[in-house]
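Student: Please find upload15.cif (mmCIF, C-alpha atoms and all ligand atoms) on the next line:
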```
data_run
#
loop_
_atom_site.group_PDB
_atom_site.id
_atom_site.type_symbol
_atom_site.label_atom_id
_atom_site.label_comp_id
_atom_site.auth_asym_id
_atom_site.auth_seq_id
_atom_site.Cartn_x
_atom_site.Cartn_y
_atom_site.Cartn_z
ATOM 1 C CA MET A 538 163.057 48.307 -118.253
ATOM 2 C CA ALA A 539 165.137 45.466 -116.776
ATOM 3 C CA LYS A 540 163.107 42.530 -115.480
ATOM 4 C CA THR A 541 163.221 41.898 -111.740
ATOM 5 C CA PRO A 542 165.270 38.744 -111.125
ATOM 6 C CA PHE A 543 163.097 35.827 -110.022
ATOM 7 C CA TYR A 544 165.055 35.450 -106.763
ATOM 8 C CA HIS A 545 163.823 38.889 -105.673
ATOM 9 C CA ARG A 546 160.300 37.489 -105.703
ATOM 10 C CA SER A 547 160.977 33.889 -104.590
ATOM 11 C CA ALA A 548 162.847 32.852 -101.475
ATOM 12 C CA LEU A 549 165.733 30.523 -102.309
ATOM 13 C CA ARG A 550 166.733 27.786 -99.908
ATOM 14 C CA PHE A 551 170.206 26.351 -99.903
ATOM 15 C CA GLU A 552 172.401 24.432 -97.513
ATOM 16 C CA CYS A 553 175.576 22.705 -98.645
ATOM 17 C CA THR A 554 175.814 19.049 -97.627
ATOM 18 C CA GLY A 555 179.439 18.775 -98.699
ATOM 19 C CA CYS A 556 178.626 16.053 -101.231
ATOM 20 C CA GLY A 557 181.275 17.339 -103.659
ATOM 21 C CA ALA A 558 179.098 16.920 -106.767
ATOM 22 C CA CYS A 559 179.713 20.510 -107.885
ATOM 23 C CA CYS A 560 183.444 19.749 -108.077
ATOM 24 C CA THR A 561 182.903 17.004 -110.623
ATOM 25 C CA GLY A 562 181.979 17.524 -114.231
ATOM 26 C CA SER A 563 183.161 17.115 -117.752
ATOM 27 C CA PRO A 564 186.564 18.301 -118.995
ATOM 28 C CA GLN A 565 184.673 21.201 -120.684
ATOM 29 C CA ASP A 566 183.754 22.602 -117.250
ATOM 30 C CA TYR A 567 186.392 24.628 -115.531
ATOM 31 C CA VAL A 568 186.942 26.810 -112.499
ATOM 32 C CA ALA A 569 188.349 30.188 -113.491
ATOM 33 C CA VAL A 570 191.183 31.304 -111.259
ATOM 34 C CA ASP A 571 193.031 34.608 -111.446
ATOM 35 C CA ARG A 572 196.655 35.231 -110.512
ATOM 36 C CA VAL A 573 195.863 36.505 -107.010
ATOM 37 C CA GLU A 574 193.821 33.381 -106.272
ATOM 38 C CA GLN A 575 196.526 31.201 -107.769
ATOM 39 C CA GLU A 576 199.141 32.690 -105.498
ATOM 40 C CA LYS A 577 196.984 32.096 -102.413
ATOM 41 C CA ILE A 578 196.539 28.453 -103.369
ATOM 42 C CA ARG A 579 200.214 28.020 -104.176
ATOM 43 C CA VAL A 580 201.303 29.435 -100.824
ATOM 44 C CA TRP A 581 198.739 27.225 -99.073
ATOM 45 C CA LEU A 582 200.178 24.172 -100.815
ATOM 46 C CA GLY A 583 203.738 25.319 -100.161
ATOM 47 C CA ILE A 584 205.056 24.495 -103.614
ATOM 48 C CA SER A 585 207.067 26.338 -106.261
ATOM 49 C CA LYS A 586 205.412 28.616 -108.816
ATOM 50 C CA LYS A 587 206.730 26.514 -111.654
ATOM 51 C CA TRP A 588 205.404 23.262 -110.281
ATOM 52 C CA PHE A 589 202.095 24.829 -109.272
ATOM 53 C CA ARG A 590 201.429 26.193 -112.749
ATOM 54 C CA ARG A 591 202.512 23.046 -114.494
ATOM 55 C CA ARG A 592 200.476 20.729 -112.298
ATOM 56 C CA TYR A 593 197.354 22.736 -111.471
ATOM 57 C CA ILE A 594 196.723 25.518 -113.987
ATOM 58 C CA LEU A 595 195.203 25.406 -117.443
ATOM 59 C CA ARG A 596 195.613 28.235 -119.925
ATOM 60 C CA LEU A 597 192.165 28.743 -121.432
ATOM 61 C CA GLY A 598 192.618 31.941 -123.391
ATOM 62 C CA GLN A 599 194.746 35.036 -123.551
ATOM 63 C CA HIS A 600 193.380 36.317 -120.239
ATOM 64 C CA THR A 601 191.702 33.264 -118.766
ATOM 65 C CA GLU A 602 193.161 30.517 -116.671
ATOM 66 C CA GLY A 603 191.437 27.723 -114.822
ATOM 67 C CA LEU A 604 192.118 24.870 -112.463
ATOM 68 C CA ALA A 605 193.196 21.681 -114.138
ATOM 69 C CA SER A 606 190.940 18.642 -114.159
ATOM 70 C CA ALA A 607 191.747 15.197 -112.925
ATOM 71 C CA GLU A 608 190.871 12.133 -114.948
ATOM 72 C CA GLY A 609 187.120 12.074 -115.564
ATOM 73 C CA GLY A 610 186.753 15.839 -115.395
ATOM 74 C CA SER A 611 186.664 16.371 -111.629
ATOM 75 C CA CYS A 612 188.585 19.284 -110.195
ATOM 76 C CA VAL A 613 192.213 18.443 -109.601
ATOM 77 C CA PHE A 614 191.775 19.473 -105.950
ATOM 78 C CA LEU A 615 188.912 17.113 -105.173
ATOM 79 C CA ASP A 616 190.210 14.271 -103.036
ATOM 80 C CA GLN A 617 188.979 10.683 -102.900
ATOM 81 C CA ALA A 618 186.643 11.462 -100.021
ATOM 82 C CA MET A 619 185.017 14.156 -102.252
ATOM 83 C CA ARG A 620 186.534 16.926 -100.162
ATOM 84 C CA CYS A 621 188.288 20.041 -101.425
ATOM 85 C CA ARG A 622 192.006 19.916 -100.635
ATOM 86 C CA ILE A 623 192.269 23.727 -100.762
ATOM 87 C CA TYR A 624 188.956 24.631 -99.139
ATOM 88 C CA PRO A 625 190.155 27.682 -97.119
ATOM 89 C CA VAL A 626 191.708 29.220 -100.241
ATOM 90 C CA ARG A 627 189.305 27.957 -102.925
ATOM 91 C CA PRO A 628 188.600 30.388 -105.790
ATOM 92 C CA ARG A 629 185.735 32.884 -105.803
ATOM 93 C CA GLN A 630 183.853 30.843 -108.368
ATOM 94 C CA CYS A 631 183.678 27.927 -105.926
ATOM 95 C CA ARG A 632 182.672 30.141 -103.007
ATOM 96 C CA ALA A 633 179.873 31.691 -105.033
ATOM 97 C CA TYR A 634 178.280 28.410 -106.150
ATOM 98 C CA PRO A 635 175.352 27.830 -106.684
ATOM 99 C CA PHE A 636 174.678 31.552 -107.035
ATOM 100 C CA TRP A 637 176.097 31.830 -110.524
ATOM 101 C CA PRO A 638 174.465 33.997 -113.226
ATOM 102 C CA GLU A 639 173.591 31.009 -115.407
ATOM 103 C CA VAL A 640 172.032 29.143 -112.465
ATOM 104 C CA LEU A 641 170.049 32.222 -111.399
ATOM 105 C CA ARG A 642 168.861 33.036 -114.907
ATOM 106 C CA ASN A 643 165.322 31.968 -113.998
ATOM 107 C CA ARG A 644 163.437 29.605 -111.698
ATOM 108 C CA TRP A 645 163.822 26.723 -114.151
ATOM 109 C CA SER A 646 167.597 27.010 -114.334
ATOM 110 C CA TRP A 647 167.663 27.122 -110.507
ATOM 111 C CA ARG A 648 165.505 23.999 -110.270
ATOM 112 C CA ALA A 649 167.502 22.250 -112.974
ATOM 113 C CA GLU A 650 170.710 22.847 -110.992
ATOM 114 C CA ALA A 651 169.133 20.961 -108.086
ATOM 115 C CA LEU A 652 169.677 17.794 -110.144
ATOM 116 C CA ARG A 653 173.388 18.344 -109.613
ATOM 117 C CA CYS A 654 173.433 20.097 -106.237
ATOM 118 C CA GLU A 655 171.494 18.394 -103.452
ATOM 119 C CA GLY A 656 171.880 21.493 -101.271
ATOM 120 C CA ILE A 657 169.455 23.479 -103.430
ATOM 121 C CA GLY A 658 166.047 23.546 -101.769
ATOM 122 C CA ARG A 659 167.461 22.505 -98.380
ATOM 123 C CA GLY A 660 167.965 24.533 -95.247
ATOM 124 C CA GLY A 661 166.946 28.088 -94.562
ATOM 125 C CA VAL A 662 166.166 30.931 -96.894
ATOM 126 C CA VAL A 663 169.317 32.563 -98.212
ATOM 127 C CA PRO A 664 169.389 36.338 -97.591
ATOM 128 C CA LEU A 665 169.194 38.336 -100.799
ATOM 129 C CA ARG A 666 172.371 40.188 -99.840
ATOM 130 C CA ARG A 667 174.320 36.923 -99.804
ATOM 131 C CA ILE A 668 173.013 36.022 -103.257
ATOM 132 C CA GLU A 669 173.929 39.436 -104.671
ATOM 133 C CA THR A 670 177.409 39.264 -103.106
ATOM 134 C CA ALA A 671 178.018 35.826 -104.594
ATOM 135 C CA LEU A 672 176.828 36.992 -108.010
ATOM 136 C CA LYS A 673 179.120 39.980 -107.867
ATOM 137 C CA ALA A 674 182.059 37.730 -106.988
ATOM 138 C CA THR A 675 181.592 35.758 -110.209
ATOM 139 C CA ARG A 676 182.140 38.899 -112.325
ATOM 140 C CA ARG A 677 185.788 39.304 -113.251
HETATM 141 S S1 LIG B 701 188.791 24.116 -105.838
HETATM 142 FE FE1 LIG B 701 187.770 22.872 -104.289
HETATM 143 S S2 LIG B 701 185.689 23.701 -104.183
HETATM 144 FE FE2 LIG B 701 186.590 24.414 -106.106
HETATM 145 S S3 LIG B 701 185.983 22.887 -107.667
HETATM 146 FE FE3 LIG B 701 187.997 22.299 -106.862
HETATM 147 S S4 LIG B 701 187.570 20.830 -105.228
HETATM 148 FE FE4 LIG B 701 185.671 21.977 -105.629
HETATM 149 S S1 LIG B 702 176.832 20.024 -105.035
HETATM 150 FE FE1 LIG B 702 175.809 21.483 -103.667
HETATM 151 S S2 LIG B 702 175.535 20.360 -101.748
HETATM 152 FE FE2 LIG B 702 177.093 19.279 -102.918
HETATM 153 S S3 LIG B 702 179.063 20.191 -102.248
HETATM 154 FE FE3 LIG B 702 178.401 21.331 -104.050
HETATM 155 S S4 LIG B 702 177.296 23.088 -103.193
HETATM 156 FE FE4 LIG B 702 177.435 21.556 -101.569
#
```
The structure in this file should be written as structure tokens.
Tutor:
Amino acid sequence: MAKTPFYHRSALRFECTGCGACCTGSPQDYVAVDRVEQEKIRVWLGISKKWFRRRYILRLGQHTEGLASAEGGSCVFLDQAMRCRIYPVRPRQCRAYPFWPEVLRNRWSWRAEALRCEGIGRGGVVPLRRIETALKATRR
């Protein structure tokens, strides 16, 4: 029988402070972005398909593409003030954070993520429905 996820038994608190830390990382980290999401971002930026793909998209595998990284591994859309330049059209993966499968694996992975995300443990209890919706959004 499948084990009940820990977040069904423990209330999770989260409130984003907008610190931008989740948009930084190593060049090995990437934000997956499908073609529909890419088109939304491209239209938002008002640039050509060719330039958009060349400047912002990384081919990661036969069926996987991600956002390019800036120098140092931060997302290419993170500005100097640590704000997302495409916030209204950011990909599902960004919207779902920190409710990613690997972060919600168990209580220790959730606590460990708090070292990166200062919003974990802050604010009110997140409704279970919101967590499940975010998790679902990460499945492609
Ligand atoms: S698209 Fe925006 S929210 Fe997503 S990683 Fe890049 S800067 Fe952060
Ligand atoms: S690291 Fe956490 S608190 Fe900071 S911007 Fe990302 S989600 Fe918000």
Student: Have a look at A:Pro542, A:Gly555, A:Pro628, A:Pro638 and name the one nearest to Gly603 in chain A; count only C-alpha atoms.
Tutor: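 Distance minimum relative to Gly603 in chain A lands on A:Pro628.
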Student: For ligand LIG 701 (chain B), list the contacting residues at 12 Å or closer, counting only C-alpha atoms and all ligand atoms, as a ChimeraX atom specification.
Tutor: /A:553,555-563,566-570,574-575,577-578,593-594,603-607,610-635
Student: On this structure, the PyMOL selection byres (((chain A and resi 545) around 12) and not hetatm) would catch which residues? List them as number ranges by chain, sorted by chain and number.
Tutor: A: 540-544, 546-549, 641, 643-644, 663-666, 668-669
Student: Could you check how far CA of Glu552 in chain A sits from CA of Arg659 in chain A, in Å to one decimal?
Tutor: 5.4 Å
Student: Kindly provide, as AutoDock Vina command-line options, the centre and edge lengths (Å, one decimal) of an axis-aligned box around all atoms of ligand LIG 702 (chain B) given in the file, with 4 Å on each side.
Tutor:
```
--center_x 177.3 --center_y 21.2 --center_z -103.3 --size_x 11.5 --size_y 11.8 --size_z 11.5
```
Student: One number please: CA of Ala649 in chain A to CA of Lys673 in chain A, in Å, one decimal.
Tutor: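 That distance, rounded to one decimal, is 21.8 Å.
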Student: State, in Å with one decimal place, the distance from CA of Phe636 in chain A to CA of Val573 in chain A.
Tutor: 21.8 Å
Student: Quick one: residues within 10 Å of Ala651 in chain A, all atoms listed in the file counted, chain neighbours fewer than 5 positions away excluded, as JSON, numbers by chain?
Tutor: {"A": [551, 635, 640, 645, 646, 656, 657, 658, 659]}
Student: Could you check which of A:Val662, A:Leu597, A:Cys654, A:Ala674 is closest to ligand LIG 702 (chain B), using all atoms listed in the file?
Tutor: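 Distance minimum relative to ligand LIG 702 (chain B) lands on A:Cys654.
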Student: Go through A:Leu595, A:Ala539, A:Leu672, A:Leu652 one by one, measure the shortest atom-to-atom distance of each to ligand LIG 702 (chain B) using only C-alpha atoms and all ligand atoms, and give the residue with the smallest value.
Tutor: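 The shortest atom-to-atom distance to ligand LIG 702 (chain B) comes from A:Leu652.
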Student: So, with all atoms listed in the file as the atoms that count, which of A:Gly583, A:Gly609, A:Gly598, A:Gly660 lies closest to ligand LIG 702 (chain B)?
Tutor: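 The answer is A:Gly660, which sits nearest to ligand LIG 702 (chain B).
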Student: Rank nothing, just name the residue among A:Thr670, A:Arg590, A:Arg653, A:Thr675 nearest to ligand LIG 702 (chain B), using all atoms listed in the file.
Tutor: A:Arg653
Student: My list of candidates is A:Glu608, A:Thr554, A:Arg579, A:Glu650. Which is closest to Arg591 in chain A when distances are computed with all atoms listed in the file?
Tutor: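 Using all atoms listed in the file, Arg591 in chain A sits closest to A:Arg579.
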Student: When you get a chance, write out N, CA and C atoms for range 616-643 of chain A, as a short mmCIF file (atom, residue, chain, number, x, y, z; two decimals), in the frame of the given file.
Tutor:
```cif
data_model
loop_
_atom_site.label_atom_id
_atom_site.label_comp_id
_atom_site.auth_asym_id
_atom_site.auth_seq_id
_atom_site.Cartn_x
_atom_site.Cartn_y
_atom_site.Cartn_z
N ASP A 616 189.53 15.50 -103.47
CA ASP A 616 190.21 14.27 -103.04
C ASP A 616 189.27 13.07 -103.12
N GLN A 617 189.76 11.91 -102.74
CA GLN A 617 188.98 10.68 -102.90
C GLN A 617 187.75 10.64 -102.01
N ALA A 618 187.80 11.40 -100.92
CA ALA A 618 186.64 11.46 -100.02
C ALA A 618 185.66 12.55 -100.46
N MET A 619 185.86 13.09 -101.69
CA MET A 619 185.02 14.16 -102.25
C MET A 619 185.11 15.45 -101.44
N ARG A 620 186.29 15.69 -100.90
CA ARG A 620 186.53 16.93 -100.16
C ARG A 620 187.53 17.79 -100.94
N CYS A 621 187.38 19.11 -100.76
CA CYS A 621 188.29 20.04 -101.42
C CYS A 621 189.60 20.12 -100.65
N ARG A 622 190.70 19.89 -101.31
CA ARG A 622 192.01 19.92 -100.64
C ARG A 622 192.48 21.34 -100.34
N ILE A 623 191.83 22.33 -100.97
CA ILE A 623 192.27 23.73 -100.76
C ILE A 623 191.11 24.58 -100.25
N TYR A 624 190.21 23.96 -99.53
CA TYR A 624 188.96 24.63 -99.14
C TYR A 624 189.13 26.05 -98.60
N PRO A 625 190.04 26.31 -97.66
CA PRO A 625 190.16 27.68 -97.12
C PRO A 625 190.60 28.71 -98.16
N VAL A 626 191.22 28.27 -99.23
CA VAL A 626 191.71 29.22 -100.24
C VAL A 626 191.10 28.94 -101.62
N ARG A 627 189.94 28.28 -101.64
CA ARG A 627 189.30 27.96 -102.92
C ARG A 627 188.93 29.25 -103.66
N PRO A 628 188.88 29.18 -105.00
CA PRO A 628 188.60 30.39 -105.79
C PRO A 628 187.20 30.95 -105.56
N ARG A 629 187.03 32.20 -105.95
CA ARG A 629 185.74 32.88 -105.80
C ARG A 629 184.61 32.13 -106.48
N GLN A 630 184.90 31.57 -107.63
CA GLN A 630 183.85 30.84 -108.37
C GLN A 630 183.27 29.70 -107.52
N CYS A 631 184.14 29.03 -106.78
CA CYS A 631 183.68 27.93 -105.93
C CYS A 631 182.88 28.47 -104.74
N ARG A 632 183.36 29.55 -104.16
CA ARG A 632 182.67 30.14 -103.01
C ARG A 632 181.28 30.63 -103.38
N ALA A 633 181.15 31.09 -104.61
CA ALA A 633 179.87 31.69 -105.03
C ALA A 633 178.82 30.64 -105.40
N TYR A 634 179.24 29.43 -105.72
CA TYR A 634 178.28 28.41 -106.15
C TYR A 634 177.26 28.12 -105.04
N PRO A 635 175.98 27.92 -105.36
CA PRO A 635 175.35 27.83 -106.68
C PRO A 635 174.79 29.15 -107.20
N PHE A 636 175.25 30.26 -106.63
CA PHE A 636 174.68 31.55 -107.04
C PHE A 636 175.46 32.14 -108.20
N TRP A 637 175.43 31.41 -109.29
CA TRP A 637 176.10 31.83 -110.52
C TRP A 637 175.05 32.42 -111.47
N PRO A 638 175.44 33.37 -112.33
CA PRO A 638 174.46 34.00 -113.23
C PRO A 638 173.66 32.98 -114.04
N GLU A 639 174.32 31.96 -114.56
CA GLU A 639 173.59 31.01 -115.41
C GLU A 639 172.62 30.15 -114.60
N VAL A 640 172.93 29.93 -113.33
CA VAL A 640 172.03 29.14 -112.46
C VAL A 640 170.84 30.01 -112.03
N LEU A 641 171.10 31.30 -111.86
CA LEU A 641 170.05 32.22 -111.40
C LEU A 641 169.32 32.92 -112.55
N ARG A 642 169.50 32.39 -113.75
CA ARG A 642 168.86 33.04 -114.91
C ARG A 642 167.35 33.11 -114.71
N ASN A 643 166.77 32.01 -114.26
CA ASN A 643 165.32 31.97 -114.00
C ASN A 643 165.03 30.79 -113.06
#
```
